[in-house]
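Working notes, beginning with the structure itself.
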Number of protein chains: 2
Amino acid sequence: MSPFDHLHLEIPTSDKPRLVIIGGGFAGIQLVKSLKNSNYQIVLLDRHNYHTFQPLLYQVATAGLEPDSIAGALRQLFEKHKDFYFRMARVTGIDPEKKCIKTLVGELSYDLLVIANGSKTNYFGDQQMYDRTFPMKQVPQALNLRSHLLQNFEQTVLAKDDEEKDRLTNFVIVGGGPTGVEVAGALGELKKHVLPKDYPDINFDIMKLHLVDAGPRLLAGMSEKSSQKAEKYLKEFDIDVRVKTMLKSYDGRDVVLSDGTQIPAKTVIWAAGVTGNIVDGLPKESLKGGRIAVDSFNKVEGVKDIYALGDIAGMYSEAFPKGHPMVAPVAIQQATNLAKNLKRKSQADWKPFQYKDKGSMATVGRNKAVVDLPKFHFGGLFAWMVWMFVHLMSIVGFRNRLVILTNWIWNYMTYDRGTRLIIRTFLRNKNYKPGDTL
Amino acid sequence: MSPFDHLHLEIPTSDKPRLVIIGGGFAGIQLVKSLKNSNYQIVLLDRHNYHTFQPLLYQVATAGLEPDSIAGALRQLFEKHKDFYFRMARVTGIDPEKKCIKTLVGELSYDLLVIANGSKTNYFGDQQMYDRTFPMKQVPQALNLRSHLLQNFEQTVLAKDDEEKDRLTNFVIVGGGPTGVEVAGALGELKKHVLPKDYPDINFDIMKLHLVDAGPRLLAGMSEKSSQKAEKYLKEFDIDVRVKTMLKSYDGRDVVLSDGTQIPAKTVIWAAGVTGNIVDGLPKESLKGGRIAVDSFNKVEGVKDIYALGDIAGMYSEAFPKGHPMVAPVAIQQATNLAKNLKRKSQADWKPFQYKDKGSMATVGRNKAVVDLPKFHFGGLFAWMVWMFVHLMSIVGFRNRLVILTNWIWNYMTYDRGTRLIIRTFLRNKNYKPGDTL
């Protein structure tokens with residue numbers, strides 16, 4: 001007997017063809033928006049009832065923002081759409097023959113299916129790392145990391161010996177892409193400006209931040225110049241940056257790097273890579289390189305009437321031998337392009353997807369960033385303002401601008417807010433063992 | 001081997017006498033504020049790292065506000081105090097002879113001790129109710145209830161039969177004091193204005209709210225007139241109000257009331273009473289009526305150098321045969337009075353505590369409230385504006401006024417925010433069983 005026996009997935013039939021979208025991320029949301037009141041019945045499924053603005057998740061993890069600033073409840077986004085249905089459901093498989101999807105709460109048939117369920121943290125098959133490190137792809141994960149960080153500091157105040165204090169205040173971040181760099185910068189910011197005021201009993205010289213990356217430079221997807229600038233800004237926070245370095249082992253207490261260094265650390269943040277969230281049921285020929293293989297129209301290879309967008313979609317070409325970068329602008333542009341195609345009368349009029357790289361950015365701490373635009377790149381305070389502006393314009397699209405803008409800028413500039421709440425404390429559970437997930 | 005072996009509670013010695021305060025609630029915080037830079041070393045202990053503004057906790061539970069709006073990180077409040085120490089610790093006992101307190105992370109000696117750790121939910125010894133109902137005294141509890149409520153609605157969309165839909169949308173609130181009335185009003189508000197937009201698939205006529213109280217009227221601590229007005233406002237939300245009624249039994253699926261009525265309900269909210277958070281170690285003569293007995297100077301009976309403030313303190317007199325009401329103004333006034341006394345040179349100059357009842361209020365839904373002032377009482381929209389003003393003035397005392405004020409008023413008026421996030425979803429755990437705590 002399934003725990004969900006009393007539930008079923010039932011959508012009223014319509015005279016319009018039913019388009020089912022798996023995933024309320026950037027691609028899924030853009031697709032729904034672009035198909036508003038079109039000639040499709042649209043069903044959006046997501047295992048959460050909200051959309052996560054992932055670029056700012058690291059701020060939730062480092063106690064800079066509360067989840068509600070960066071998450072949007074999916075039901076609220078599409079209140080005014082006709083013949084649109086949102087269902088909170090976890091998809092467990094696809095049946096391309098029967099043209100239906102399977103979820104934990106029942107099956108649903110489709111006329112067209114769009115898979116846009118994104119990517120997940122890639123542990124490269126290492127179970128140790130899966131068990132002991134902190135990922136940062138979801139709101140609950142970011143909150144868990146935040147609780148852990150803050151509790152480490154509370155324990156540092158109470159710690160008896162210096163070795164324990166080191167272990168509690170050493171942080172190892174694995175992965176020098178934008179996520180790793182931004183987390184490192186945010187932690188550097190906390191160490192320099194915020195924590196000494198909160199914890200006058202701790203000498204924060206003992207707090208050490210380490211950022212390691214297996215490749216030859218940080219921010220491999222950006223320009224050399226931005227790479228170098230980012231490394232420079234991180235070193236201004238006393239962050240120990242090691243490229244061409246990997247984690248050899250981690251037992252929950254001590255990290256051993258590939259260069260032999262041993263670092264006592266209770267916190268290892270895993271930002272080392274992502275891989276597609278492959279759903280069961282697609283044939284082998286539809287999968288490639290950890291993603292779902294699509295043609296230049298985002299149509300999935302090897303099956304009928306199924307499309308894939310965003311991180312999950314691998315559109316392989318000479319220009320992009322590994323597929324497009326797994327970033328939000330790709331997801332949004334692919335969704336926009338597919339929506340336009342779906343609204344065209346004839347398949348012959350469809351246009352292939354052409355990625356317009358409008359640039360990329362990464363922030364380092366509170367007031368520095370690196371920005372690559374198609375024609376030039378720059379760094380520093382101005383770059384940070386550009387970064388903040390672009391993100392704000394993206395977020396506030398779905399909330400009242402005045403409130404969130406005021407709220408976010410103020411809090412971001414002053415850190416003066418109550419986001420440093422430890423919701424689940426290590427003291428609640430008298431049976432707590434160090435290392436327990438709280 | 002204790003899980004906290006690597007931790008200890010150590011405060012630098014000072015030439016000033018050490019005053020230890022247990023509890024960062026209204027009383028504890030007011031005492032610290034009033035003793036700023038006085039002739040005491042002050043150590044504040046709390047099992048959480050934040051203060052909860054409890055009067056608005058029901059809004060977190062009903063998805064109206066996020067926790068950070070109503071919780072203040074305790075470290076930030078007292079940054080500028082000298083010889084002040086905050087320690088996150090759970091107190092497990094007191095030793096009045098040795099003049100020290102025991103915590104999960106070590107012992108601490110005191111010269112003066114102030115117990116201000118408040119009250120806890122009172123289940124009147126009923127284990128069934130403890131296991132199966134939702135309390136609302138802490139932020140984690142409010143968030144748990146919120147998750148539960150929202151998931152009930154998601155499940156209602158997916159539910160197969162009508163009986164299940166009823167069970168998911170029936171809510172029974174036990175306790176007709178301000179907490180119960182305010183939760184009922186907030187749920188009524190959701191049913192009328194918010195949920196139908198979010199869940200167009202659900203016919204909210206099936207959603208039934210029940211509020212039961214064992215006594216003869218709601219809001220027993222307020223005037224008869226306010227009682228009647230509150231009942232009237234609740235009935236405008238179609239809330240089934242039953243006084244002189246108790247819960248006879250609840251098995252997690254069906255409620256049976258003392259009048260025989262059976263209500264299928266997955267949600268029972270327990271707001272039926274509170275009792276003091278008694279700490280181990282005080283002699284029998286110090287305890288009375290579920291609280292710590294104190295004289296008119298808030299000094300604990302039967303021990304030396306220990307005081308108690310707020311909900312936990314039972315100051316029994318002819319005027320207050322059951323002690324003072326367990327409300328914030330009492331806690332704040334007692335703390336202010338004790339601080340003044342502690343700063344006086346001679347014990348002979350101490351003044352006894354005199355409670356100034358400035359009135360009480362309870363809100364019912366988004367724009368109605370009942371207010372009792374010493375000389376008169378009123379209800380309706382104006383009362384609600386008074387209610388909101390008073391609460392805002394109390395909160396914003398510890399945050400930037402502009403940000404929180406804007407944020408809170410806007411969100412409260414429009415419900416336009418992302419607080420309807422289900423952080424821990426019933427779909428994450430494939431082994432989930434209905435009734436599992438998520």
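Residue numbering restarts at 1 in every chain; chains get A, B, ... in the order shown in the structure tokens, and ligands count up from 1 in that same order.
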
Inset, instruction - List every residue of region 43-141 of chain A that DSSP, applied to the backbone of this structure, places in helix (DSSP H, G or I), and write the result as a PyMOL selection string. - result: chain A and resi 54-61+67-70+74-77+127-132+139-141

Legend entry - Within 8 Å of region 332-335 of chain A using only C-alpha atoms, minus same-chain residues under 6 positions, as a VMD selection string: chain A and resid 26 to 28 30 to 31 298 309 to 310 353 355

Inset, instruction - Once DSSP has gone over the backbone, tell me which residues of region 26-236 of chain B are in strand (DSSP E or B), as a ChimeraX atom specification. - result: /B:41-46,50-52,71-73,84-88,91-95,100-103,106-109,112-115,119-121,134,159,170-174,208-212

Using N, CA and C atoms, can you write the selected residues to a file as a short mmCIF file (atom, residue, chain, number, x, y, z; two decimals), in the first residue's frame?
```cif
data_model
loop_
_atom_site.label_atom_id
_atom_site.label_comp_id
_atom_site.auth_asym_id
_atom_site.auth_seq_id
_atom_site.Cartn_x
_atom_site.Cartn_y
_atom_site.Cartn_z
N GLN B 41 28.29 42.27 35.88
CA GLN B 41 28.63 41.50 34.69
C GLN B 41 27.39 40.70 34.36
N ILE B 42 26.93 40.79 33.13
CA ILE B 42 25.68 40.11 32.79
C ILE B 42 25.94 38.97 31.81
N VAL B 43 25.41 37.80 32.15
CA VAL B 43 25.48 36.66 31.25
C VAL B 43 24.05 36.25 30.90
N LEU B 44 23.72 36.29 29.64
CA LEU B 44 22.39 35.90 29.17
C LEU B 44 22.49 34.54 28.49
N LEU B 45 21.64 33.62 28.94
CA LEU B 45 21.63 32.29 28.33
C LEU B 45 20.28 32.05 27.68
N ASP B 46 20.31 31.42 26.49
CA ASP B 46 19.06 31.00 25.87
C ASP B 46 19.36 29.78 25.02
N TYR B 50 18.05 33.39 19.21
CA TYR B 50 17.20 34.53 18.85
C TYR B 50 16.04 34.67 19.83
N HIS B 51 15.47 35.87 19.85
CA HIS B 51 14.27 36.17 20.65
C HIS B 51 13.06 36.07 19.73
N THR B 52 12.00 35.46 20.22
CA THR B 52 10.79 35.31 19.42
C THR B 52 9.74 36.30 19.87
N ALA B 71 11.57 37.57 14.72
CA ALA B 71 12.60 37.02 15.61
C ALA B 71 13.82 37.92 15.54
N GLY B 72 14.46 38.15 16.68
CA GLY B 72 15.65 38.99 16.71
C GLY B 72 16.84 38.22 17.24
N ALA B 73 17.92 38.18 16.47
CA ALA B 73 19.11 37.47 16.91
C ALA B 73 19.64 38.13 18.17
N PHE B 84 29.13 42.13 28.90
CA PHE B 84 27.92 41.35 28.66
C PHE B 84 28.30 40.13 27.82
N TYR B 85 27.75 38.99 28.19
CA TYR B 85 28.06 37.77 27.46
C TYR B 85 26.78 37.04 27.12
N PHE B 86 26.65 36.63 25.85
CA PHE B 86 25.54 35.77 25.47
C PHE B 86 26.10 34.38 25.22
N ARG B 87 25.41 33.38 25.78
CA ARG B 87 25.78 32.01 25.49
C ARG B 87 24.54 31.22 25.10
N MET B 88 24.65 30.53 23.95
CA MET B 88 23.55 29.66 23.54
C MET B 88 23.71 28.37 24.34
N VAL B 91 19.59 25.27 29.79
CA VAL B 91 19.77 25.10 31.24
C VAL B 91 19.03 23.85 31.69
N THR B 92 19.73 22.97 32.42
CA THR B 92 19.11 21.71 32.86
C THR B 92 18.83 21.71 34.36
N GLY B 93 19.43 22.63 35.09
CA GLY B 93 19.17 22.66 36.53
C GLY B 93 19.86 23.81 37.23
N ILE B 94 19.42 24.03 38.47
CA ILE B 94 19.98 25.09 39.31
C ILE B 94 20.45 24.46 40.60
N ASP B 95 21.57 24.94 41.13
CA ASP B 95 22.01 24.51 42.45
C ASP B 95 22.08 25.76 43.34
N CYS B 100 25.17 27.92 41.47
CA CYS B 100 25.56 27.74 40.09
C CYS B 100 24.42 27.09 39.30
N ILE B 101 24.44 27.30 37.98
CA ILE B 101 23.44 26.66 37.12
C ILE B 101 24.12 25.59 36.29
N LYS B 102 23.34 24.60 35.90
CA LYS B 102 23.87 23.51 35.07
C LYS B 102 23.23 23.60 33.69
N THR B 103 24.08 23.39 32.67
CA THR B 103 23.55 23.40 31.31
C THR B 103 24.09 22.19 30.56
N GLY B 106 27.90 22.64 30.25
CA GLY B 106 28.77 22.97 31.38
C GLY B 106 28.04 23.72 32.48
N GLU B 107 28.77 24.00 33.57
CA GLU B 107 28.18 24.72 34.71
C GLU B 107 28.66 26.16 34.71
N LEU B 108 27.89 27.01 35.38
CA LEU B 108 28.26 28.41 35.49
C LEU B 108 27.85 28.93 36.86
N SER B 109 28.77 29.56 37.56
CA SER B 109 28.43 30.10 38.88
C SER B 109 27.86 31.50 38.73
N LEU B 112 24.09 36.61 41.30
CA LEU B 112 22.63 36.75 41.28
C LEU B 112 22.11 35.98 40.07
N LEU B 113 20.95 35.36 40.25
CA LEU B 113 20.36 34.60 39.15
C LEU B 113 18.96 35.13 38.89
N VAL B 114 18.64 35.35 37.62
CA VAL B 114 17.28 35.74 37.24
C VAL B 114 16.72 34.69 36.29
N ILE B 115 15.64 34.07 36.72
CA ILE B 115 15.02 33.03 35.90
C ILE B 115 13.89 33.68 35.11
N SER B 119 7.11 30.28 29.55
CA SER B 119 6.13 29.21 29.73
C SER B 119 6.18 28.27 28.55
N LYS B 120 5.56 27.13 28.71
CA LYS B 120 5.48 26.15 27.64
C LYS B 120 4.04 25.72 27.47
N THR B 121 3.78 25.06 26.35
CA THR B 121 2.41 24.60 26.08
C THR B 121 1.96 23.61 27.14
N PHE B 134 -0.85 20.30 17.12
CA PHE B 134 0.19 21.27 16.78
C PHE B 134 0.21 22.40 17.79
N ALA B 159 -6.54 14.92 -3.88
CA ALA B 159 -7.28 13.88 -3.15
C ALA B 159 -8.36 13.22 -3.99
N ASN B 170 -10.51 20.39 7.26
CA ASN B 170 -11.10 20.72 8.56
C ASN B 170 -9.99 21.08 9.53
N PHE B 171 -10.17 22.18 10.25
CA PHE B 171 -9.18 22.58 11.23
C PHE B 171 -9.87 22.80 12.57
N VAL B 172 -9.35 22.15 13.60
CA VAL B 172 -9.92 22.32 14.94
C VAL B 172 -8.90 23.05 15.79
N ILE B 173 -9.29 24.19 16.34
CA ILE B 173 -8.40 24.97 17.21
C ILE B 173 -8.92 24.83 18.63
N VAL B 174 -8.05 24.38 19.51
CA VAL B 174 -8.46 24.18 20.89
C VAL B 174 -7.91 25.31 21.74
N LYS B 208 -13.67 23.78 6.76
CA LYS B 208 -14.41 24.16 7.97
C LYS B 208 -13.45 24.44 9.13
N LEU B 209 -13.68 25.55 9.79
CA LEU B 209 -12.87 25.93 10.93
C LEU B 209 -13.70 25.81 12.20
N HIS B 210 -13.11 25.17 13.22
CA HIS B 210 -13.80 25.01 14.50
C HIS B 210 -12.92 25.55 15.61
N LEU B 211 -13.50 26.33 16.50
CA LEU B 211 -12.76 26.85 17.65
C LEU B 211 -13.52 26.44 18.91
N VAL B 212 -12.84 25.67 19.76
CA VAL B 212 -13.52 25.22 20.97
C VAL B 212 -12.79 25.73 22.20
#
```

Inset, instruction - Counting only C-alpha atoms, figure out which residue out of B:Leu195, B:Val274, B:Leu219, B:Met129 gets nearest to chain A. - result: B:Leu195

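Closest to chain A among B:Leu9, B:Leu74, B:Val386, B:Ala265 is B:Leu9, based on only C-alpha atoms.
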
Inset, instruction - Mind checking which residues fall within 8 Å of region 181-190 of chain B, counting only C-alpha atoms, ignoring those fewer than 5 positions away in the same chain, and posting them as a PyMOL selection string? - result: chain B and resi 58-59+62+173+175-176+195+209-211+218-219+230+234+237-239+362-366
